[in-house]
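Okay, so here's the structure we're looking at.
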Amino acid sequence: MTGYTMLRNGGVGNGGQTCMLRWSNRIRLTWLSFTLFVILVFFPLIAHYYLATLDEADEAGKRIFGPRAGHELCEVKHVLDLCRIRESVSEELLQLEAKRQELNSEIAKLNLKIEACKKSIENAKQDLLQLKNVISQTEHSYKELMAQNQPKLSLPIRLLPEKDDAGLPPPKAIRGCRLHNCFDYSRCPLTSGFPVYVYDSDQFALGSYLDPLVKQAFQATARANVYVTENADIACLYVILVGEMQEPVALRPAELEKQLYSLPHWRRDGHNHVVINLSRKSDTQNLLYNVSTGRAMVAQSTFYAVQYRPGFDLVVSPLVHAMSEPNFMEIPPQVPVKRKYLFTFQGEKIESLRSSLQEARSFEEEMEGDPPADYDDRIIATLKAVQDSKLDQVLVEFTCKNQPKPSLPTEWALCGEREDRLELLKLSTFALIITPGDPHLVISSGCATRLFEALEVGAVPVVLGEQVQLPYQDMLQWNEAALVVPKPRVTEVHFLLRSLSDSDLLAMRRQGRFLWETYFSTADSIFNTVLAMIRTRIQIPAAPIREEAAAEIPHRSGKAAGTDPNMADNGDLDLGPVETEPPYASPKYLRNFTLTVTDFYRSWNSAPGPFHLFPHTPFDPVLPSEAKFLGSGTGFRPIGGGAGGSGKEFQAALGGNVPREQFTVVMLTYEREEVLMNSLERLNGLPYLNKVVVVWNSPKLPSEDLLWPDIGVPIMVVRTEKNSLNNRFLPWNEIETEAILSIDDDAHLRHDEIMFGFRVWREARDRIVGFPGRYHAWDPPHQSWLYNSNYSCELSMVLTGAAFFHKYYAYLYSYVMPQAIRDMVDEYINCEDIAMNFLVSHITRKPPIKVTSRWTFRCPGCPQALSHDDSHFHERHKCINFFVKVYGYMPLLYTQFRVDSVLFKTRLPHDKTKCFKFI
C-alpha cells in the first residue's frame, strides 16, 4: 500500500520505476517478435492453402503448385497453355503450307488453260474473219446475180411542163374527154404525194360573185387539207371555185369562160384543172352550161347529158351545211325500223300536173295505145291510188301549200322550208325521189337535195328513174343504201317496198347514214371526196395518216425488276412455243404502189363504204385509198399485212403462231407512281412484249428521284397536252406493232393470261379481245339503256382496261369517230372504253371476244379506283344513251361466246398426257 502510494504520488521509489520501464520494453519486443513470427509463418501457409483450394475448384485433381507425376518440364498451367498454342500454330502452319502448294498447282493448271483459251480465241477470231469474208463474198455474188436477173428500179422522174406548154394533143371533141386523153399523168407520178393547188378566189374577179358562205367554207377546208400545196409549179391538180353565185348576179357564159382561160396555170386548155360549182340551194344555176371548160374536169350537182363526160366529170352533193357541223342530237334514231308513213313525197311540177288532172285515163288504156311520152303522169296516178287504197299509210302531195321553190323545167320542185321537209322525212320509212322528166337532164340540184335530206334523217331513198347519175356513182355502191327503180316499174314500187325485210331495211338505213356522214354532211367531206375520187382514178396512193408525235419524258432506270413467280407461272396452261426474241416492229405494208385490178374490185364491191376519204395507215393492206374503213356495213377484211404476213395469214395459221408477231402495252396513269412501278415490274419477262408506252396523263411530271424498273424492253413515258382519257387511244408514233394491249395501271394479269389473249387476238384481229366483260340492258320503265357490270351469261363489251385491239382503231377513234363522243368522254372523264366498243361494233357488226381470266384482274392493295364511286355508273348510263343518239342506233351486239384454251382446266388420264403433249 505504501509502495503504491509512493508510485502514484511520484514521490520516493525511483528504483521501482526503472524496473517497470524495463519490463514494459520487454513486453513490447516480445509482442513485436510474436507478430513478425505469425506474419512470416502463418500468412504463407494460409496463401498456400487458399491457392491450393482455388486450383481444386477450377480443375479437380490438377493442382498448380502440387507435385506432378513424371516430373514434366512444364509444371504450371500458363506454361502448358503456351506449349499448346505453339503446337497448334505449328500444325496450322503445316496445313497452310500444304494448301499453298495445292493452290500453286491449281494456278499452274489454270495458267495452262488460259493459254489454251487464248489460242482458241485466236483461232475463233481467224475462223470468224474467214466467215465474214465468205459472207461478204456471198452477198456480193447475190447482188451481182440479182442485178443480172432483175432490172434496176428507181423512182420515176417528175416531168414538170413549162408554163407555155401546149399540153396533150386535143381530142376530136371536148365531150370525148377522158382521163387517157385529157389528163396529164406526167404531172402526177406515183411518188408525188398528189399535191393540189387551190386558187384564191379573192384574187380574181370571179371571187366577187361567189356566195360568201360557200367561199368561206371552201377556203377553210382547203387550208386544212393534207394534199393542198402553195407551190403551183409542182402541183398535180388545180382547183378553182366558180359557184354558188350570189343573188341576183347573173354571169354570162362568155365572161365566165374568159375568166377561166385567164387563170395563170390554165395552160391554154385547162388540163389537170377541176372547176367546182357547189350548190347550197335547190335552184342553183347550171353556170357551166354552154361554157367551154376545155380539158378541165367539172364538179357540180346539175348536169345535162350534152355537158356530162362519164368517168371524167364529177357529180357532187349539195353543200347544205356550209359553215356548220350537223347536230347529231337532232338526227332521228335508226330504230324503230318502220315509221309512221311507208313512203312520202312532196313536190310540184306545173307542166305534167295540169295534164294529169285533166286526163284520167287508166293504165290499160295507155298500154293499148302508144307508150306515154312522160311517165310522170303514170307516177302521179299510181301513187294516188296507193294512198287511196289505205293498205299502208302514205303521204303524197303533188301541189305545194305555199309557193314552190324555183326549179329547172320538168323537175319536181321542193315544197316548204327545209325544216318542214325534214320533219316529214323523220316520219317516213322511204322517201320517193322522182327524177326530172327531161331525159337530157342527167342530175339536178333539186334531186341531189332530196337525196341529201333523205339520207340525213334516215329515210331510205327510192329513186324513180334509172337514168339519173347519183353523186359519186362510179365509186359508191348506191344499191346498198337506196332503191333505184325504173319509172315504168312504178306500179310495182308498193310491192317492192312492202317486201323488204326489217333487217335489210335497217342495213340500208345504216349504210345511208354512213354515206351521208362520210361524203355529204360537211364542206370538208365534199372537198375531200372530190380529191379522193380523182386521186383514186389516177391510181395514186393516199398520203399516210398522221400519227401522234410522242413527247418523251426523260426518266431513270433502276435495278432490274424481279419476276413475280405468280405472274410468270403458267400453271396447268401449256401455251406451246413462246417467242422470246428481242423487240421488233410489225412488218409495214409494202404494196402501196401496186394497185391491181383485183384490189380495186375487192374494195369497190366487197365493202359497203368502198370509197374512202382519209389517208391510209401503215397497216392497211387491201384498201387502195384511205383508212376510213367499211362504215357500218358488213364484212371486215384483215388489216395488217405486208411482206411479213398478217391478217389472213395469221388467221389461217393454226394458233396464230407463225409468222411471228409482238404487241405493245399502252398504260394510262395519273399520279400513282408506286402502283405504276409495281405494274411495270409485273411485265418483266413477258413474252411477245415489244415496248411499253406509259401515257402520263398528269400535268405534274414524275418525281426526279423515281427509279423506273428495267424489264428487258423499252419503256417510253409520253407526256400529254391535257388530262384526257382519250389519250389512251391516240395513235402514238412510238407504237410500232399492230397489236396494242391497253391496260390500266392497277390491272393484275398473269403472263399466261396475257399470252393467251394475244394469241386469240391474232386469230380475230378485227375484234376487241380482252378480259373484263360488261353488257348493256334496256330499261323499259325509263325507256333508256343501262350499263351493267354484274356477272352474266352474255356480254356486249370488253373493257379496254385489259384488252387487245388493232392500232387501226386508234386512228379511227382519234380522227374519224364523231368529235361529240370524245367531248363527252372529256366532260365526264369516263366512258372511253364504252366509246371504243361502240366504234368497233359499229364498224365490224361483231361483238367483242372475252378470254378466260383467273379473277386476278385488279391488283390487291391498290388505292380505290374511280369506278367504285356511285356517280361512275350514272355517268356510264348517260354515255351509252348519248352514244346511241350519235350513232342513231345501238351498235353493241350480245354474245355468249368465251374463249378458253383447249386444255384449260381439263383433267386428263395419266396414260393420255403424253399423247396430248404432241398434238
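By convention in this document, the chains of the C-alpha cells carry letters A, B, ... by their order, each chain's residues are numbered from 1, and ligands are numbered from 1 in the order they are shown.
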
Could you give me, as a tab-separated table (two decimals) with all heavy atoms, in the first residue's frame, the residues within 12 Å of Ser201 (chain A), counting only C-alpha atoms and dropping anything in the same chain fewer than 5 positions from it?
chain	number	residue	atom	x	y	z
A	206	LEU	N	-63.79	36.70	-160.45
A	206	LEU	CA	-64.83	35.71	-160.22
A	206	LEU	C	-65.21	35.62	-158.74
A	206	LEU	O	-66.36	35.33	-158.40
A	206	LEU	CB	-64.36	34.35	-160.71
A	206	LEU	CG	-65.37	33.19	-160.67
A	206	LEU	CD1	-66.53	33.47	-161.61
A	206	LEU	CD2	-64.69	31.88	-161.02
A	207	GLY	N	-64.24	35.87	-157.85
A	207	GLY	CA	-64.50	35.73	-156.43
A	207	GLY	C	-65.52	36.71	-155.89
A	207	GLY	O	-66.18	36.42	-154.89
A	208	SER	N	-65.68	37.86	-156.52
A	208	SER	CA	-66.64	38.84	-156.03
A	208	SER	C	-68.08	38.41	-156.25
A	208	SER	O	-68.99	38.94	-155.61
A	208	SER	CB	-66.40	40.19	-156.71
A	208	SER	OG	-66.54	40.07	-158.12
A	209	TYR	N	-68.33	37.45	-157.15
A	209	TYR	CA	-69.69	36.98	-157.41
A	209	TYR	C	-70.10	35.80	-156.53
A	209	TYR	O	-71.26	35.42	-156.52
A	209	TYR	CB	-69.83	36.55	-158.88
A	209	TYR	CG	-69.55	37.66	-159.87
A	209	TYR	CD1	-68.39	37.63	-160.63
A	209	TYR	CD2	-70.44	38.70	-160.05
A	209	TYR	CE1	-68.11	38.64	-161.54
A	209	TYR	CE2	-70.17	39.72	-160.96
A	209	TYR	CZ	-69.00	39.68	-161.70
A	209	TYR	OH	-68.75	40.67	-162.60
A	210	LEU	N	-69.13	35.21	-155.82
A	210	LEU	CA	-69.41	33.98	-155.09
A	210	LEU	C	-70.22	34.25	-153.82
A	210	LEU	O	-70.13	35.32	-153.21
A	210	LEU	CB	-68.11	33.27	-154.72
A	210	LEU	CG	-67.24	32.80	-155.88
A	210	LEU	CD1	-65.94	32.19	-155.36
A	210	LEU	CD2	-67.98	31.79	-156.73
A	211	ASP	N	-70.99	33.24	-153.42
A	211	ASP	CA	-71.72	33.29	-152.16
A	211	ASP	C	-70.70	33.31	-151.02
A	211	ASP	O	-69.82	32.45	-150.94
A	211	ASP	CB	-72.62	32.06	-152.04
A	211	ASP	CG	-73.51	32.11	-150.81
A	211	ASP	OD1	-73.11	32.74	-149.81
A	211	ASP	OD2	-74.61	31.52	-150.85
A	212	PRO	N	-70.77	34.29	-150.10
A	212	PRO	CA	-69.75	34.38	-149.05
A	212	PRO	C	-69.66	33.12	-148.19
A	212	PRO	O	-68.56	32.72	-147.80
A	212	PRO	CB	-70.21	35.59	-148.23
A	212	PRO	CG	-71.05	36.39	-149.16
A	212	PRO	CD	-71.72	35.40	-150.06
A	214	VAL	N	-70.36	29.97	-149.04
A	214	VAL	CA	-69.73	28.90	-149.79
A	214	VAL	C	-68.23	29.15	-149.94
A	214	VAL	O	-67.40	28.25	-149.77
A	214	VAL	CB	-70.40	28.75	-151.17
A	214	VAL	CG1	-69.65	27.74	-152.03
A	214	VAL	CG2	-71.85	28.35	-151.02
A	215	LYS	N	-67.88	30.39	-150.23
A	215	LYS	CA	-66.47	30.73	-150.40
A	215	LYS	C	-65.69	30.55	-149.10
A	215	LYS	O	-64.58	29.99	-149.10
A	215	LYS	CB	-66.34	32.16	-150.90
A	215	LYS	CG	-64.90	32.60	-151.13
A	215	LYS	CD	-64.84	33.95	-151.83
A	215	LYS	CE	-65.45	35.04	-150.98
A	215	LYS	NZ	-65.27	36.38	-151.60
A	216	GLN	N	-66.27	30.99	-148.00
A	216	GLN	CA	-65.58	30.86	-146.71
A	216	GLN	C	-65.42	29.40	-146.32
A	216	GLN	O	-64.36	28.98	-145.84
A	216	GLN	CB	-66.36	31.62	-145.65
A	216	GLN	CG	-65.67	31.65	-144.29
A	216	GLN	CD	-66.45	32.46	-143.27
A	216	GLN	OE1	-67.48	33.06	-143.59
A	216	GLN	NE2	-65.96	32.50	-142.04
A	218	PHE	N	-65.30	26.81	-148.33
A	218	PHE	CA	-64.36	26.18	-149.25
A	218	PHE	C	-62.93	26.53	-148.88
A	218	PHE	O	-62.04	25.66	-148.87
A	218	PHE	CB	-64.68	26.62	-150.68
A	218	PHE	CG	-63.78	26.02	-151.71
A	218	PHE	CD1	-63.98	24.74	-152.17
A	218	PHE	CD2	-62.72	26.75	-152.22
A	218	PHE	CE1	-63.15	24.19	-153.13
A	218	PHE	CE2	-61.87	26.21	-153.18
A	218	PHE	CZ	-62.10	24.92	-153.63
A	219	GLN	N	-62.67	27.78	-148.55
A	219	GLN	CA	-61.32	28.20	-148.20
A	219	GLN	C	-60.86	27.56	-146.89
A	219	GLN	O	-59.70	27.17	-146.75
A	219	GLN	CB	-61.25	29.72	-148.10
A	219	GLN	CG	-61.41	30.43	-149.43
A	219	GLN	CD	-61.46	31.94	-149.28
A	219	GLN	OE1	-61.58	32.46	-148.17
A	219	GLN	NE2	-61.38	32.65	-150.41
A	222	ALA	N	-59.98	23.91	-147.55
A	222	ALA	CA	-58.79	23.79	-148.38
A	222	ALA	C	-57.52	24.01	-147.56
A	222	ALA	O	-56.50	23.35	-147.77
A	222	ALA	CB	-58.85	24.76	-149.54
A	239	VAL	N	-57.43	23.50	-158.53
A	239	VAL	CA	-58.84	23.57	-158.17
A	239	VAL	C	-59.26	25.03	-158.16
A	239	VAL	O	-58.59	25.89	-157.56
A	239	VAL	CB	-59.11	22.93	-156.80
A	239	VAL	CG1	-60.58	23.05	-156.43
A	239	VAL	CG2	-58.66	21.48	-156.80
A	240	ILE	N	-60.39	25.32	-158.81
A	240	ILE	CA	-60.95	26.67	-158.84
A	240	ILE	C	-62.43	26.59	-158.50
A	240	ILE	O	-63.16	25.73	-159.01
A	240	ILE	CB	-60.74	27.33	-160.22
A	240	ILE	CG1	-61.37	28.72	-160.24
A	240	ILE	CG2	-61.27	26.47	-161.34
A	240	ILE	CD1	-60.73	29.72	-159.32
A	241	LEU	N	-62.89	27.45	-157.61
A	241	LEU	CA	-64.30	27.51	-157.20
A	241	LEU	C	-65.00	28.59	-158.01
A	241	LEU	O	-64.58	29.75	-158.03
A	241	LEU	CB	-64.39	27.82	-155.71
A	241	LEU	CG	-65.80	27.95	-155.13
A	241	LEU	CD1	-66.52	26.61	-155.17
A	241	LEU	CD2	-65.75	28.50	-153.70
A	242	VAL	N	-66.10	28.20	-158.70
A	242	VAL	CA	-66.84	29.15	-159.53
A	242	VAL	C	-68.26	29.38	-159.03
A	242	VAL	O	-68.98	30.21	-159.59
A	242	VAL	CB	-66.89	28.66	-160.99
A	242	VAL	CG1	-65.50	28.57	-161.58
A	242	VAL	CG2	-67.63	27.34	-161.11
A	243	GLY	N	-68.74	28.69	-158.07
A	243	GLY	CA	-70.11	28.88	-157.57
A	243	GLY	C	-70.24	28.20	-156.23
A	243	GLY	O	-69.37	27.44	-155.81
A	259	GLN	N	-62.75	34.34	-167.89
A	259	GLN	CA	-62.05	34.34	-166.62
A	259	GLN	C	-61.34	33.01	-166.36
A	259	GLN	O	-60.24	32.98	-165.80
A	259	GLN	CB	-63.03	34.64	-165.48
A	259	GLN	CG	-63.60	36.06	-165.51
A	259	GLN	CD	-64.35	36.40	-164.24
A	259	GLN	OE1	-64.11	35.82	-163.20
A	259	GLN	NE2	-65.25	37.37	-164.32
A	260	LEU	N	-61.93	31.92	-166.80
A	260	LEU	CA	-61.28	30.63	-166.63
A	260	LEU	C	-60.00	30.55	-167.46
A	260	LEU	O	-58.96	30.08	-166.98
A	260	LEU	CB	-62.23	29.50	-167.02
A	260	LEU	CG	-63.41	29.23	-166.09
A	260	LEU	CD1	-64.28	28.12	-166.66
A	260	LEU	CD2	-62.93	28.85	-164.70
A	263	LEU	N	-56.78	32.20	-166.04
A	263	LEU	CA	-56.10	31.70	-164.85
A	263	LEU	C	-54.62	31.47	-165.15
A	263	LEU	O	-54.26	31.02	-166.24
A	263	LEU	CB	-56.75	30.39	-164.38
A	263	LEU	CG	-58.19	30.50	-163.86
A	263	LEU	CD1	-58.74	29.11	-163.55
A	263	LEU	CD2	-58.26	31.39	-162.63
A	276	ILE	N	-65.13	23.63	-159.73
A	276	ILE	CA	-66.14	23.19	-158.76
A	276	ILE	C	-67.24	24.23	-158.67
A	276	ILE	O	-66.98	25.43	-158.46
A	276	ILE	CB	-65.50	22.95	-157.38
A	276	ILE	CG1	-64.44	21.86	-157.46
A	276	ILE	CG2	-66.56	22.58	-156.36
A	276	ILE	CD1	-63.77	21.56	-156.14

> From the list A:Gln300, A:Ser698, A:Ser501, A:Asn286, which residue is nearest Val337 (chain A) when using only C-alpha atoms?
Replying inline: A:Ser501

> Can you tell me, as a list in words, what residues are no more than 6 Å from Cys415 (chain A) when counting only C-alpha atoms, ignoring any on the same chain fewer than 6 positions away?
Replying inline: Gly347, Cys400 and Pro404 of chain A

Go ahead and write the residues just picked, N, CA, C and O atoms, as a short mmCIF file (atom, residue, chain, number, x, y, z; two decimals), in the first residue's frame.
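The new file out24.cif reads:
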data_model
loop_
_atom_site.label_atom_id
_atom_site.label_comp_id
_atom_site.auth_asym_id
_atom_site.auth_seq_id
_atom_site.Cartn_x
_atom_site.Cartn_y
_atom_site.Cartn_z
N GLY A 347 -93.98 17.56 -153.82
CA GLY A 347 -93.37 18.27 -154.94
C GLY A 347 -94.42 18.80 -155.88
O GLY A 347 -95.60 18.43 -155.81
N CYS A 400 -97.86 22.16 -153.87
CA CYS A 400 -97.30 22.75 -152.65
C CYS A 400 -98.33 23.68 -152.02
O CYS A 400 -99.07 24.40 -152.71
N PRO A 404 -93.90 26.97 -154.46
CA PRO A 404 -92.79 26.00 -154.57
C PRO A 404 -91.47 26.71 -154.84
O PRO A 404 -91.42 27.84 -155.33
#

> Do you know which residues are at most 8 Å from region 873-886 of chain A counting only C-alpha atoms, after dropping those on the same chain fewer than 3 positions away, and could you put them as a list in words?
Replying inline: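 Within the cut-off, the hits are Phe328, Met329, Ile331, Pro332, Pro333, Ser784, Trp785, Leu786, Tyr787, Pro818, Ala820, Ile821, Met824, Tyr828, Asn830, Cys831, Ile834, Ala835, Phe838, Ser867, Asp869, Asp870, Tyr889, Met890 and Pro891 of chain A.
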
>> Restricting the calculation to only C-alpha atoms: of A:Glu330, A:Asp184, A:Asp744, A:Asp474, which residue gets closest to Ala802 (chain A)?
In response: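 Looking only at the distances to Ala802 (chain A), the closest residue turns out to be A:Asp744.
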
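Using only C-alpha atoms for every distance, the candidate list A:Gln346, A:Leu432, A:Val457, A:Arg339 yields A:Arg339 as the residue closest to Gln393 (chain A).
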
>> Using only C-alpha atoms for the distances, tell me which of A:Ser525, A:Val394, A:Ser444, A:Ala431 is nearest to Ala482 (chain A).
In response: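 Between A:Ser525, A:Val394, A:Ser444, A:Ala431, the residue approaching Ala482 (chain A) most closely is A:Ala431.
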
> Among region 52-296 of chain A, which ones does DSSP place in helix (DSSP H, G or I), written as a PyMOL selection string?
Replying inline: chain A and resi 52-58+69-71+77-149+174-176+179-182+185-187+201-203+205-209+212-223+232-234+253-261

> Near Leu383 (chain A), within 12 Å and counting only C-alpha atoms, which residues show up once chain neighbours fewer than 3 positions away are dropped, as a ChimeraX atom specification?
Replying inline: /A:342-346,376-380,386-390,392-398,432,434,490-494

> For the atom pair CA of Ser292 (chain A) and CA of Val228 (chain A), what is the interatomic distance in Å to one decimal place?
Replying inline: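 So the two atoms, CA of Ser292 (chain A) and CA of Val228 (chain A), lie 26.1 Å apart.
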
> Which residue gives the smallest distance to Ala777 (chain A) among A:Glu466, A:Glu794, A:Glu832, A:Glu417, with only C-alpha atoms counted?
Replying inline: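 For Ala777 (chain A), the nearest of the candidates is A:Glu794.
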